[in-house]
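Student: Let me give you the structure first, and then I'll get to my questions.
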Amino acid sequence: MSIDPPGPAGAENKVFRRFVVLLLLVLAVLAFVIVRSLQNLNRSIASNDWVNHTHAEISEADAIEAGMEAAEAALRTYLLTGDPRDRVTCQEAFADLAGHVEVAKALAKSAPVESQQILQIETLLAQRASFARDLLKARDGASGATVPQLLSGDTGAVAIHEIIRRLGDFKETENSLLAARDTAEYLQAQTTRWTELSGVALDVLLLAGAAWLVWDDLAARRRAVAALQEANTLLEVKVQERTAELTAANRRLTDQNLEGRWTNQALDHQLRYSQLIINSISDLVLVVTKALNISRINPAVTHLTGWNAADLVDRPLAHLVRFVREGEAKESLLFDPVAQALADGHDLRAQPALVTDSRGRQTPVHLHAYPVRDRDKVVGGVIVLQLVAPASTEAK
Amino acid sequence: MTTTASTSARPPAEPGKKHILIVDDERPIRELVAEYLIARGFRVTAVCSAAEAYKAARDDAADLVITDLQLEDSDGLELVEQLKSERPDMPVILLTGVLFDQKVVDERISKKVSAYVSKTSALSELLTEVLRLLKP
């Protein structure tokens, strides 16, 4: 019996169907045995009736033989004594004999052979009765013949012997039937016994089969339960492992998230801090590209010049600042010193210059230029403009 | 997590957990560091000023202090001096955005604090220093 996969409904139904079929077979065998037993019982009862009937026929045959001998004896007695009482006895004996014959006829009525035998015996007995009546009449003197004359012509011994022989045949026939019936009953009893034993044995086998089915099903269920428990245990272990993996992954993600937020925060902090430092300087600070275009200014620039970042960003530095050449009265338009300093990577300090504000007014300043290096490469410059003290504003 | 913008609500004492005091005037910094350390099983008190740090340290002694350099009402190194005057053996980490040269750290900063961690460093580096300093 297959148990894999454990516990499917189809397998359970299959086992249940087999079990029911086996029980039905057990019931069928039991019913067959019961029916056969009842049939045999009825047959046995009928057979007993027949046996009793046959014994009654044999008894009547015996009674006929005995009655015939009694009647013959009573007839002889009367013939010898002439006593009326003996005559009555003789008549009663013949009457009894006739009664037994009637009973025997009735008993043998349903059997043609036996009935025929009884009729033949009755005929012979009727002859003997007729002869007896003749003797009685002769003894009573009521007929012309005398008793000795009648007796001398009687073949009584032969007739009686014939009757006895026929009665013997009749009884022998009946006894043969009885013997055959005994044999048949014995065989029937044996058949009944074997039927019952076979039925019981078959039932036992079928019940054993049913018990095996139940036992096997229970064993399969136990195996299925064990397999299920094992699967559950494995599943639980896998779930725990998976949960641990997810927890670790979640921890890593949380860490990455925190690190990311921390990095952003640190960057923001650094930018803000750098901005704060630059914005805190009261000198004018500008960042220029290597092409000397303004890319960034600090608030002091806007405060002093009135220009805001949108006005200055991406504009040439010359738009805001002009150098003053030593010994010259007017400002130079050239910015070669700054360009040269950035190209050479050198600082330029305290160069006199003029800042032009948004209203066209010019203010003298000292210009400082510092190259901005990124990985040993100058990418721009920081320009710092310091206001010149009023006492020293010769240019003005 | 017991980080607040301006108060130092004390976390419930939990046996076996090391207590760390965080001092920083920037709330996002405080909260991030506190969240990170709490996730690793520390008990954290986070405050935003030196005055709150003094109070918190008195109310619930810390096993370690993490402080910024520039505070609203003081600076971190001065705070460290004050705290160490009461508990000289208390480890302190200076967590600041001011980037010091290693030479400066070795010659100046390391005399006042147990460790210096830049805010540009990863949190895992801060944790490494915390674990090193709290190692029994």
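Chain labels follow the order of the structure tokens: the first chain is A, the next B, and so on; residue numbering restarts at 1 in every chain, and ligands are counted from 1 in their shown order.
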Near chain A, meaning an atom within 9 Å, which residues of chain B appear when counting only C-alpha atoms? Write them as a list in words.
Tutor: Pro28, Ile29, Leu32, Val33, Glu35, Tyr36, Ala39, Gly97, Val98, Ser118, Lys119, Thr120, Ser121, Ala122, Leu123 and Ser124 of chain B
Student: Could you save those same residues with N, CA and C atoms as an mmCIF file, in the first residue's frame?
Tutor:
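Saved as part_21.cif:
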data_model
loop_
_atom_site.group_PDB
_atom_site.id
_atom_site.type_symbol
_atom_site.label_atom_id
_atom_site.label_comp_id
_atom_site.auth_asym_id
_atom_site.auth_seq_id
_atom_site.Cartn_x
_atom_site.Cartn_y
_atom_site.Cartn_z
ATOM 1 N N PRO B 28 20.162 67.089 14.095
ATOM 2 C CA PRO B 28 20.296 65.893 13.234
ATOM 3 C C PRO B 28 21.513 65.048 13.592
ATOM 4 N N ILE B 29 22.606 65.735 13.961
ATOM 5 C CA ILE B 29 23.810 64.993 14.334
ATOM 6 C C ILE B 29 23.539 64.175 15.606
ATOM 7 N N LEU B 32 21.146 61.183 14.874
ATOM 8 C CA LEU B 32 21.740 60.105 14.085
ATOM 9 C C LEU B 32 22.708 59.262 14.920
ATOM 10 N N VAL B 33 23.559 59.963 15.671
ATOM 11 C CA VAL B 33 24.529 59.229 16.484
ATOM 12 C C VAL B 33 23.814 58.416 17.562
ATOM 13 N N GLU B 35 20.696 57.242 17.517
ATOM 14 C CA GLU B 35 19.989 56.111 16.901
ATOM 15 C C GLU B 35 20.967 54.977 16.587
ATOM 16 N N TYR B 36 22.120 55.344 16.080
ATOM 17 C CA TYR B 36 23.130 54.351 15.706
ATOM 18 C C TYR B 36 23.631 53.593 16.940
ATOM 19 N N ALA B 39 20.924 51.341 18.562
ATOM 20 C CA ALA B 39 20.750 50.111 17.776
ATOM 21 C C ALA B 39 21.817 49.088 18.116
ATOM 22 N N GLY B 97 33.257 68.754 13.122
ATOM 23 C CA GLY B 97 33.433 69.010 11.701
ATOM 24 C C GLY B 97 34.679 69.833 11.425
ATOM 25 N N VAL B 98 35.286 70.288 12.492
ATOM 26 C CA VAL B 98 36.540 71.028 12.318
ATOM 27 C C VAL B 98 37.635 70.005 12.051
ATOM 28 N N SER B 118 36.399 62.730 13.081
ATOM 29 C CA SER B 118 35.842 63.793 12.241
ATOM 30 C C SER B 118 34.405 63.448 11.860
ATOM 31 N N LYS B 119 33.623 64.462 11.681
ATOM 32 C CA LYS B 119 32.243 64.218 11.251
ATOM 33 C C LYS B 119 32.182 63.757 9.798
ATOM 34 N N THR B 120 33.290 63.844 9.113
ATOM 35 C CA THR B 120 33.314 63.297 7.756
ATOM 36 C C THR B 120 33.628 61.797 7.757
ATOM 37 N N SER B 121 33.960 61.267 8.933
ATOM 38 C CA SER B 121 34.237 59.823 9.025
ATOM 39 C C SER B 121 32.920 59.046 9.049
ATOM 40 N N ALA B 122 33.029 57.748 8.757
ATOM 41 C CA ALA B 122 31.833 56.892 8.808
ATOM 42 C C ALA B 122 31.453 56.632 10.272
ATOM 43 N N LEU B 123 30.171 56.342 10.475
ATOM 44 C CA LEU B 123 29.711 56.036 11.839
ATOM 45 C C LEU B 123 30.410 54.801 12.391
ATOM 46 N N SER B 124 30.760 53.887 11.486
ATOM 47 C CA SER B 124 31.428 52.670 11.957
ATOM 48 C C SER B 124 32.772 52.995 12.608
#
Student: List the spatial neighbours of Ile58 (chain A) as a PDB file with N, CA and C atoms, in the first residue's frame - criterion: any atom at most 10 Å away, only C-alpha atoms, same-chain residues fewer than 3 positions off excluded.
Tutor:
ATOM      1  N   ASN A  52     -40.057 -40.772  10.176  1.00  0.00           N
ATOM      2  CA  ASN A  52     -41.130 -41.187  11.097  1.00  0.00           C
ATOM      3  C   ASN A  52     -42.268 -41.869  10.333  1.00  0.00           C
ATOM      4  N   HIS A  53     -42.583 -41.246   9.184  1.00  0.00           N
ATOM      5  CA  HIS A  53     -43.647 -41.816   8.349  1.00  0.00           C
ATOM      6  C   HIS A  53     -43.268 -43.230   7.897  1.00  0.00           C
ATOM      7  N   THR A  54     -42.035 -43.398   7.473  1.00  0.00           N
ATOM      8  CA  THR A  54     -41.579 -44.707   6.984  1.00  0.00           C
ATOM      9  C   THR A  54     -41.590 -45.743   8.108  1.00  0.00           C
ATOM     10  N   HIS A  55     -41.112 -45.260   9.280  1.00  0.00           N
ATOM     11  CA  HIS A  55     -41.169 -46.185  10.426  1.00  0.00           C
ATOM     12  C   HIS A  55     -42.599 -46.576  10.770  1.00  0.00           C
ATOM     13  N   ALA A  61     -46.837 -52.604   8.841  1.00  0.00           N
ATOM     14  CA  ALA A  61     -46.583 -53.903   8.181  1.00  0.00           C
ATOM     15  C   ALA A  61     -46.415 -55.001   9.222  1.00  0.00           C
ATOM     16  N   ASP A  62     -45.641 -54.639  10.274  1.00  0.00           N
ATOM     17  CA  ASP A  62     -45.484 -55.607  11.369  1.00  0.00           C
ATOM     18  C   ASP A  62     -46.835 -55.905  12.027  1.00  0.00           C
ATOM     19  N   ALA A  63     -47.615 -54.845  12.215  1.00  0.00           N
ATOM     20  CA  ALA A  63     -48.924 -55.024  12.854  1.00  0.00           C
ATOM     21  C   ALA A  63     -49.853 -55.889  11.996  1.00  0.00           C
ATOM     22  N   ILE A  64     -49.745 -55.695  10.652  1.00  0.00           N
ATOM     23  CA  ILE A  64     -50.564 -56.526   9.739  1.00  0.00           C
ATOM     24  C   ILE A  64     -50.170 -57.995   9.871  1.00  0.00           C
ATOM     25  N   ALA A 104     -52.181 -48.739   6.768  1.00  0.00           N
ATOM     26  CA  ALA A 104     -51.025 -48.916   5.881  1.00  0.00           C
ATOM     27  C   ALA A 104     -51.312 -48.317   4.509  1.00  0.00           C
ATOM     28  N   LEU A 107     -50.970 -44.607   4.793  1.00  0.00           N
ATOM     29  CA  LEU A 107     -49.566 -44.176   4.918  1.00  0.00           C
ATOM     30  C   LEU A 107     -48.833 -44.270   3.583  1.00  0.00           C
ATOM     31  N   LEU A 167     -45.117 -58.844   2.790  1.00  0.00           N
ATOM     32  CA  LEU A 167     -44.890 -57.866   3.865  1.00  0.00           C
ATOM     33  C   LEU A 167     -43.382 -57.663   4.087  1.00  0.00           C
ATOM     34  N   GLY A 168     -42.640 -58.751   4.002  1.00  0.00           N
ATOM     35  CA  GLY A 168     -41.177 -58.640   4.140  1.00  0.00           C
ATOM     36  C   GLY A 168     -40.573 -57.779   3.032  1.00  0.00           C
ATOM     37  N   PHE A 170     -42.120 -55.484   1.437  1.00  0.00           N
ATOM     38  CA  PHE A 170     -42.503 -54.093   1.716  1.00  0.00           C
ATOM     39  C   PHE A 170     -41.557 -53.457   2.747  1.00  0.00           C
ATOM     40  N   LYS A 171     -41.315 -54.202   3.817  1.00  0.00           N
ATOM     41  CA  LYS A 171     -40.460 -53.655   4.864  1.00  0.00           C
ATOM     42  C   LYS A 171     -39.012 -53.489   4.360  1.00  0.00           C
ATOM     43  N   GLU A 172     -38.610 -54.435   3.531  1.00  0.00           N
ATOM     44  CA  GLU A 172     -37.254 -54.324   3.003  1.00  0.00           C
ATOM     45  C   GLU A 172     -37.105 -53.066   2.129  1.00  0.00           C
ATOM     46  N   THR A 173     -38.165 -52.838   1.319  1.00  0.00           N
ATOM     47  CA  THR A 173     -38.164 -51.618   0.505  1.00  0.00           C
ATOM     48  C   THR A 173     -38.046 -50.370   1.388  1.00  0.00           C
ATOM     49  N   GLU A 174     -38.876 -50.415   2.441  1.00  0.00           N
ATOM     50  CA  GLU A 174     -38.864 -49.234   3.343  1.00  0.00           C
ATOM     51  C   GLU A 174     -37.514 -49.084   4.024  1.00  0.00           C
ATOM     52  N   ASN A 175     -36.962 -50.225   4.457  1.00  0.00           N
ATOM     53  CA  ASN A 175     -35.659 -50.142   5.121  1.00  0.00           C
ATOM     54  C   ASN A 175     -34.562 -49.655   4.163  1.00  0.00           C
TER      55      ASN A 175
END
Student: For the structure I just gave you, how does DSSP split region 241-353 of chain A - specifically, which residues are alpha helix (DSSP H)? Reply as a PyMOL selection string.
Tutor: chain A and resi 241-279+299-305+309-312+336-344
Student: Pick out the closest residue to Asp25 (chain B) from this set: B:Leu71, B:Ala57, B:Ala51, B:Val117. Count only C-alpha atoms.
Tutor: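 Closest to Asp25 (chain B), using only C-alpha atoms: B:Leu71.
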Student: Can you measure CA of Val382 (chain A) to CA of Gln102 (chain B) for me? One decimal in Å is fine.
Tutor: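 Spanning CA of Val382 (chain A) to CA of Gln102 (chain B) is a straight-line distance of 26.2 Å.
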Student: Report as a ChimeraX atom specification all protein, DNA and RNA residues lying within 9 Å of region 189-206 of chain A, evaluated on only C-alpha atoms, omitting residues in the same chain fewer than 2 positions from it.
Tutor: /A:22-23,25-27,29-30,32-34,36-37,40,44,184-187,208-211
Student: Using only C-alpha atoms, which protein or nucleic acid residues come within 12 Å of Lys135 (chain B)? Drop anything in the same chain fewer than 4 positions from it, and give the result as a list of chain:residue names.
Tutor: B:Lys18, B:Asp63, B:Leu64, B:Pro91, B:Leu127, B:Thr128, B:Glu129, B:Val130, B:Leu131
Student: Which residues come within 12 Å of Asn293 (chain A), counting only C-alpha atoms, excluding same-chain residues fewer than 4 positions away, as a list of chain:residue names?
Tutor: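 The filter keeps A:Leu286, A:Val287, A:Val288, A:Thr289, A:Ile297, A:Leu312, A:Val313, A:Asp314, A:Arg315, A:Pro316, A:Leu317, A:Ala318, A:His319, A:Leu320, A:Val321, A:Phe335, A:Val338, A:Ala339, A:Val379, A:Gly380, A:Gly381, A:Val382, A:Ile383.
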Student: What is the CA of Pro352 (chain A) to CA of Ser282 (chain A) distance in Å?
Tutor: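 Separating CA of Pro352 (chain A) from CA of Ser282 (chain A) is a distance of 18.3 Å.
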Student: Let's see if you can do this: from backbone DSSP, list all strand (DSSP E or B) residues in chain B, as a list in words.
Tutor: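 These are the residues in question: Thr3, His19, Ile20, Leu21, Ile22, Val23, Arg43, Val44, Thr45, Ala46, Val47, Leu64, Val65, Ile66, Thr67, Gln70, Asp75, Val92, Ile93, Leu94, Leu95, Thr96, Ala115, Tyr116, Val117 and Ser118 of chain B.
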Student: Env of Glu81 (chain B): 10 Å cut, atoms = only C-alpha atoms, seq-sep filter 5 positions within chain, self excluded. Answer as a PyMOL selection string.
Tutor: chain B and resi 76+86-88+112-113
Student: Only C-alpha atoms, please: the residues just picked out, written as a short mmCIF file (atom, residue, chain, number, x, y, z; two decimals), in the first residue's frame.
Tutor:
data_model
loop_
_atom_site.label_atom_id
_atom_site.label_comp_id
_atom_site.auth_asym_id
_atom_site.auth_seq_id
_atom_site.Cartn_x
_atom_site.Cartn_y
_atom_site.Cartn_z
CA GLY B 76 33.76 71.02 23.70
CA GLU B 86 35.06 65.33 38.47
CA ARG B 87 35.83 62.06 36.66
CA PRO B 88 39.38 62.07 35.30
CA LYS B 112 42.43 66.48 26.35
CA VAL B 113 40.30 63.78 24.76
#
Student: Rounded to one decimal in Å, what is the spacing between CA of Glu162 (chain A) and CA of Ala138 (chain A)?
Tutor: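 Distance reported for this atom pair: 25.2 Å.
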